[in-house]
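*Asks:* Would you mind keeping the following structure in view while I ask a few things?
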There are 2 protein chains.
Amino acid sequence: MPLDGNTRIIAHIGDPTATFKAPMIYNPYFEANGINASVVPMGVRAADFAAALPVIFRFTNVDGALITMPHKVSVVDMLDEVSPAVRIAGACNAVKRDANGKLIGDMFDGEGFVRGVKRKGQRLDGARALIVGAGGVGSAIAASLAAAGAARLALYDLDVAAMDGLAARLVRHYPALRVETGDNDPRGFDIVVNATPLGMNAGDPSPLDVSLLEPETFVGEVVMKAETTAFLAAAKARGCRTQIGVDMLFEQIPAYLEFFGFATTTPETLRAHARISY
Amino acid sequence: MPLDGNTRIIAHIGDPTATFKAPMIYNPYFEANGINASVVPMGVRAADFAAALPVIFRFTNVDGALITMPHKVSVVDMLDEVSPAVRIAGACNAVKRDANGKLIGDMFDGEGFVRGVKRKGQRLDGARALIVGAGGVGSAIAASLAAAGAARLALYDLDVAAMDGLAARLVRHYPALRVETGDNDPRGFDIVVNATPLGMNAGDPSPLDVSLLEPETFVGEVVMKAETTAFLAAAKARGCRTQIGVDMLFEQIPAYLEFFGFATTTPETLRAHARISY
């Protein structure tokens, strides 16, 4: 569906725009399904963001925005309402305007991870999970696992302040959750997540000692690569079920569509139309 | 060519957006020619325009803007440099950012009219023209005819202040031009233009007495309709060569493309790809 004056626009706000992937996933899906909507890249520098966000949300044809680097953290303080996932992650990548003009923020990286894991048959209620990496995406996954009913979360990050901060926010929002920090031994966990960028480049060290992975553990990752990383390959070799980062990506998009008020869809449908290959 | 993070965007700014035509003309042309650019509608209300324009021009992927109702007049005072056509018309519908960050405004409605008339074989150097209607588009046509070498322009509008204001601006910019006002008798002119909306609706009165049209006069119009209006049909019946408003529309788009730094093209190529019918 080509752009016209009735097209509803989702602003994709970040800088630089060159690496944006969302337009090539959302727009072919919209087009194939006769939905007159479009994700439009808007390159906004960090220094311009505070002025730009309110202006963009006053465009009569903009209903929502995907927020990416370098604005995911700074946007949080500009919103009227944010979800627990945003408060725990300290970051936000989706904003919509409600009927009263309020700006509402959410974050579905973790939701994508959780949806994928569930669809692969892993139970989350009462689950024990180790999350290596307490940055934005690790925090989002921790928040979503907690929301999905996990009983125990272990966090590990060389950045101790980030790790301890995430632990504190989790405990504040989920007082019954058992949260531990400082150990990346994967034994005794139902779910282990590499939420670090380790694996993006050949020769990266492993995020944890793979020889300790137990075959009944479900192992997930956030690195966005087509191929399986060495870490996930090792987990598979040990008999673990696994989820690649790209699965998390496609699993989260139905959540964004729902958030923006569109009908939901499946990751498979989105992949079938996407103009990027993973 | 689908939108991606490298797409160069021309913001199409106005309110309401529902009637926007430019995306359906420019974008199919860009796509058919492998040009990674897109005209993107941005609905901006009058009250928001002063804040929005500078923000939009700081988007890293925006090179220019098409400005339409209700901002064509108010934009003029927000620009660093404007063309004589803008100064004479008092309106602007195209803005670009130059290498130094300056905002440059131009207006090609009149240029489209002039290009079409020339391509139909009408000489403009030394020409005598009657322009009925001294609003935005009539002013733009007057400015472009003057720039193209017309020797004598007669203006007619029931809004005397608009007519006299245009006459004064024309004389200021083209001191050698002979400018007359207040008579819509078409006899003795090489070119006669209906630059009023008369003809848009069935039963509209004629902008002038068609029985006085001379067969050697070239008669043009700005009404954007697929069919020939009663006025143009009467001119044709009297043996006049004619130009419909839609010709002016497609003739001006190569001028906009050139202004924004794209390669030029022909009205015929644009029409062949356009997703609107006229």
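For the structure tokens, the naming scheme is as follows: chains receive sequential letters (A, B, ...) according to their order of presentation, residues are indexed from 1 within each chain, and ligands are indexed from 1 in presentation order.
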Can you list every residue in segment 37-250 of chain B that DSSP puts in strand (DSSP E), as a ChimeraX atom specification?
*Replies:* /B:37-43,62-67,81-82,94-97,103-106,128-132,152-156,178-181,191-194,218-221,241-243
*Asks:* Can you pull out the residues contacting Val39 of chain B? Cut-off 10 Å, using only C-alpha atoms, and skip same-chain residues under 4 positions away; I want them as an MDAnalysis selection string.
*Replies:* (chainID A and resid 3:4) or (chainID B and resid 8:13 22:27 30 62 64:66)
*Asks:* Between atom CA of Arg119 of chain B and atom CA of Tyr156 of chain B, what distance in Å does the model show, to one decimal?
*Replies:*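 Between these atoms lies a distance of 25.8 Å.
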*Asks:* Counting only C-alpha atoms, which residues of chain B fall within 10 Å of chain A, and what is the closest atom pair for each with its distance in Å at one decimal, ordered by chain and rising number, as a tab-separated table?
*Replies:*
residue	atom	partner	partner_atom	distance
B:Pro2	CA	A:Met24	CA	7.5
B:Leu3	CA	A:Pro23	CA	6.3
B:Asp4	CA	A:Pro23	CA	5.8
B:Gly5	CA	A:Ala18	CA	4.3
B:Asn6	CA	A:Ala18	CA	5.2
B:Thr7	CA	A:Pro41	CA	8.1
B:Arg8	CA	A:Pro41	CA	9.5
B:Ile9	CA	A:Met42	CA	8.7
B:His12	CA	A:Gly5	CA	9.4
B:Ile13	CA	A:Phe59	CA	9.4
B:Gly14	CA	A:Thr60	CA	9.5
B:Asp15	CA	A:Thr60	CA	7.8
B:Pro16	CA	A:Thr60	CA	8.0
B:Thr17	CA	A:Gly5	CA	4.6
B:Ala18	CA	A:Gly5	CA	4.3
B:Thr19	CA	A:Gly5	CA	6.1
B:Phe20	CA	A:Gly5	CA	5.2
B:Lys21	CA	A:Asp4	CA	7.4
B:Ala22	CA	A:Asp4	CA	8.3
B:Pro23	CA	A:Asp4	CA	5.8
B:Met24	CA	A:Asp4	CA	6.6
B:Asn27	CA	A:Pro2	CA	7.9
B:Pro28	CA	A:Pro2	CA	8.2
B:Ser38	CA	A:Leu3	CA	8.8
B:Val39	CA	A:Leu3	CA	8.1
B:Val40	CA	A:Leu3	CA	7.0
B:Pro41	CA	A:Gly5	CA	6.0
B:Met42	CA	A:Phe59	CA	6.0
B:Gly43	CA	A:Thr60	CA	4.6
B:Val44	CA	A:Phe59	CA	5.1
B:Arg45	CA	A:Thr60	CA	7.5
B:Asp48	CA	A:Arg58	CA	7.6
B:Phe49	CA	A:Val55	CA	9.2
B:Ala51	CA	A:Val55	CA	7.1
B:Ala52	CA	A:Val55	CA	5.8
B:Leu53	CA	A:Val55	CA	9.4
B:Pro54	CA	A:Ala52	CA	9.4
B:Val55	CA	A:Ala52	CA	5.8
B:Ile56	CA	A:Ala52	CA	7.9
B:Arg58	CA	A:Val44	CA	7.1
B:Phe59	CA	A:Gly43	CA	4.8
B:Thr60	CA	A:Gly43	CA	4.6
B:Asn61	CA	A:Gly43	CA	5.6
B:Val62	CA	A:Met42	CA	7.9
B:Arg275	CA	A:Pro2	CA	8.9
*Asks:* For Val132 of chain A, find every residue with an atom within 7 Å (counting only C-alpha atoms), except residues of its own chain fewer than 6 positions away, and show them as a ChimeraX atom specification.
*Replies:* /A:155-157,184,193-196,207
*Asks:* Can you tell me, as number ranges by chain, what residues are no more than 7 Å from segment 167-183 of chain B when counting only C-alpha atoms, ignoring any on the same chain fewer than 4 positions away?
*Replies:* B: 88, 143, 151-156, 163
*Asks:* Considering only C-alpha atoms, state which residue in the set A:Tyr256, A:Phe113, A:Phe250, A:Phe189 is at the smallest distance from Leu213 of chain A.
*Replies:* A:Phe189
*Asks:* Just list the residues in segment 102-148 of chain B DSSP gives helix (DSSP H, G or I) on the backbone, as a list in words.
*Replies:* Asp109, Gly110, Glu111, Gly112, Phe113, Val114, Arg115, Gly116, Val117, Lys118, Arg119, Gly136, Val137, Gly138, Ser139, Ala140, Ile141, Ala142, Ala143, Ser144, Leu145, Ala146 and Ala147 of chain B
*Asks:* Identify, on the basis of only C-alpha atoms, every residue whose closest approach to Asp109 of chain A does not exceed 8 Å; exclude the query and any residue fewer than 3 positions from it along the same chain; express the result as an mmCIF file with N, CA and C atoms, in the first residue's frame.
*Replies:*
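What landed in out32.cif:
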data_model
loop_
_atom_site.group_PDB
_atom_site.id
_atom_site.type_symbol
_atom_site.label_atom_id
_atom_site.label_comp_id
_atom_site.auth_asym_id
_atom_site.auth_seq_id
_atom_site.Cartn_x
_atom_site.Cartn_y
_atom_site.Cartn_z
ATOM 1 N N GLY A 112 9.046 -10.081 23.792
ATOM 2 C CA GLY A 112 9.376 -10.922 22.627
ATOM 3 C C GLY A 112 10.122 -12.164 23.047
ATOM 4 N N PHE A 113 11.068 -11.987 23.961
ATOM 5 C CA PHE A 113 11.826 -13.132 24.457
ATOM 6 C C PHE A 113 10.887 -14.141 25.107
ATOM 7 N N VAL A 137 18.528 -4.648 27.251
ATOM 8 C CA VAL A 137 17.741 -5.804 26.831
ATOM 9 C C VAL A 137 17.695 -6.866 27.934
ATOM 10 N N ALA A 140 15.104 -5.741 30.298
ATOM 11 C CA ALA A 140 13.763 -5.949 29.751
ATOM 12 C C ALA A 140 13.362 -7.415 29.868
ATOM 13 N N ILE A 141 14.285 -8.305 29.602
ATOM 14 C CA ILE A 141 13.985 -9.736 29.713
ATOM 15 C C ILE A 141 13.708 -10.109 31.170
ATOM 16 N N MET A 248 13.445 -13.616 19.054
ATOM 17 C CA MET A 248 12.957 -12.601 19.985
ATOM 18 C C MET A 248 12.476 -11.372 19.213
ATOM 19 N N LEU A 249 13.232 -11.009 18.177
ATOM 20 C CA LEU A 249 12.866 -9.845 17.361
ATOM 21 C C LEU A 249 11.484 -10.032 16.734
ATOM 22 N N GLN A 252 8.470 -10.148 19.166
ATOM 23 C CA GLN A 252 8.030 -8.927 19.850
ATOM 24 C C GLN A 252 7.169 -8.032 18.962
#
*Asks:* Residues at most 7 Å from Met224 of chain B, counting only C-alpha atoms, excluding those fewer than 2 positions away in the same chain, as JSON, numbers by chain?
*Replies:* {"B": [222, 226, 245, 246]}
*Asks:* For the residues in that selection, give me C-alpha atoms as a short mmCIF file (atom, residue, chain, number, x, y, z; two decimals), in the first residue's frame.
*Replies:*
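What follows is the written file selection-v4.cif:
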data_model
loop_
_atom_site.label_atom_id
_atom_site.label_comp_id
_atom_site.auth_asym_id
_atom_site.auth_seq_id
_atom_site.Cartn_x
_atom_site.Cartn_y
_atom_site.Cartn_z
CA VAL B 222 -5.65 26.12 -13.04
CA ALA B 226 -9.86 15.46 -15.33
CA GLY B 245 -4.85 22.69 -14.86
CA VAL B 246 -3.58 19.14 -14.57
#
*Asks:* Set the distance at 9 Å and use only C-alpha atoms: which residues neighbour Leu198 of chain B once local chain neighbours fewer than 6 positions away are removed? I'd like the list as a ChimeraX atom specification.
*Replies:* /B:204-207,223,231
*Asks:* Go ahead and compute the interatomic distance for atom CA of Asp98 of chain B and atom CA of Ser144 of chain B, in Å to one decimal.
*Replies:*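 A separation of 23.2 Å between them.
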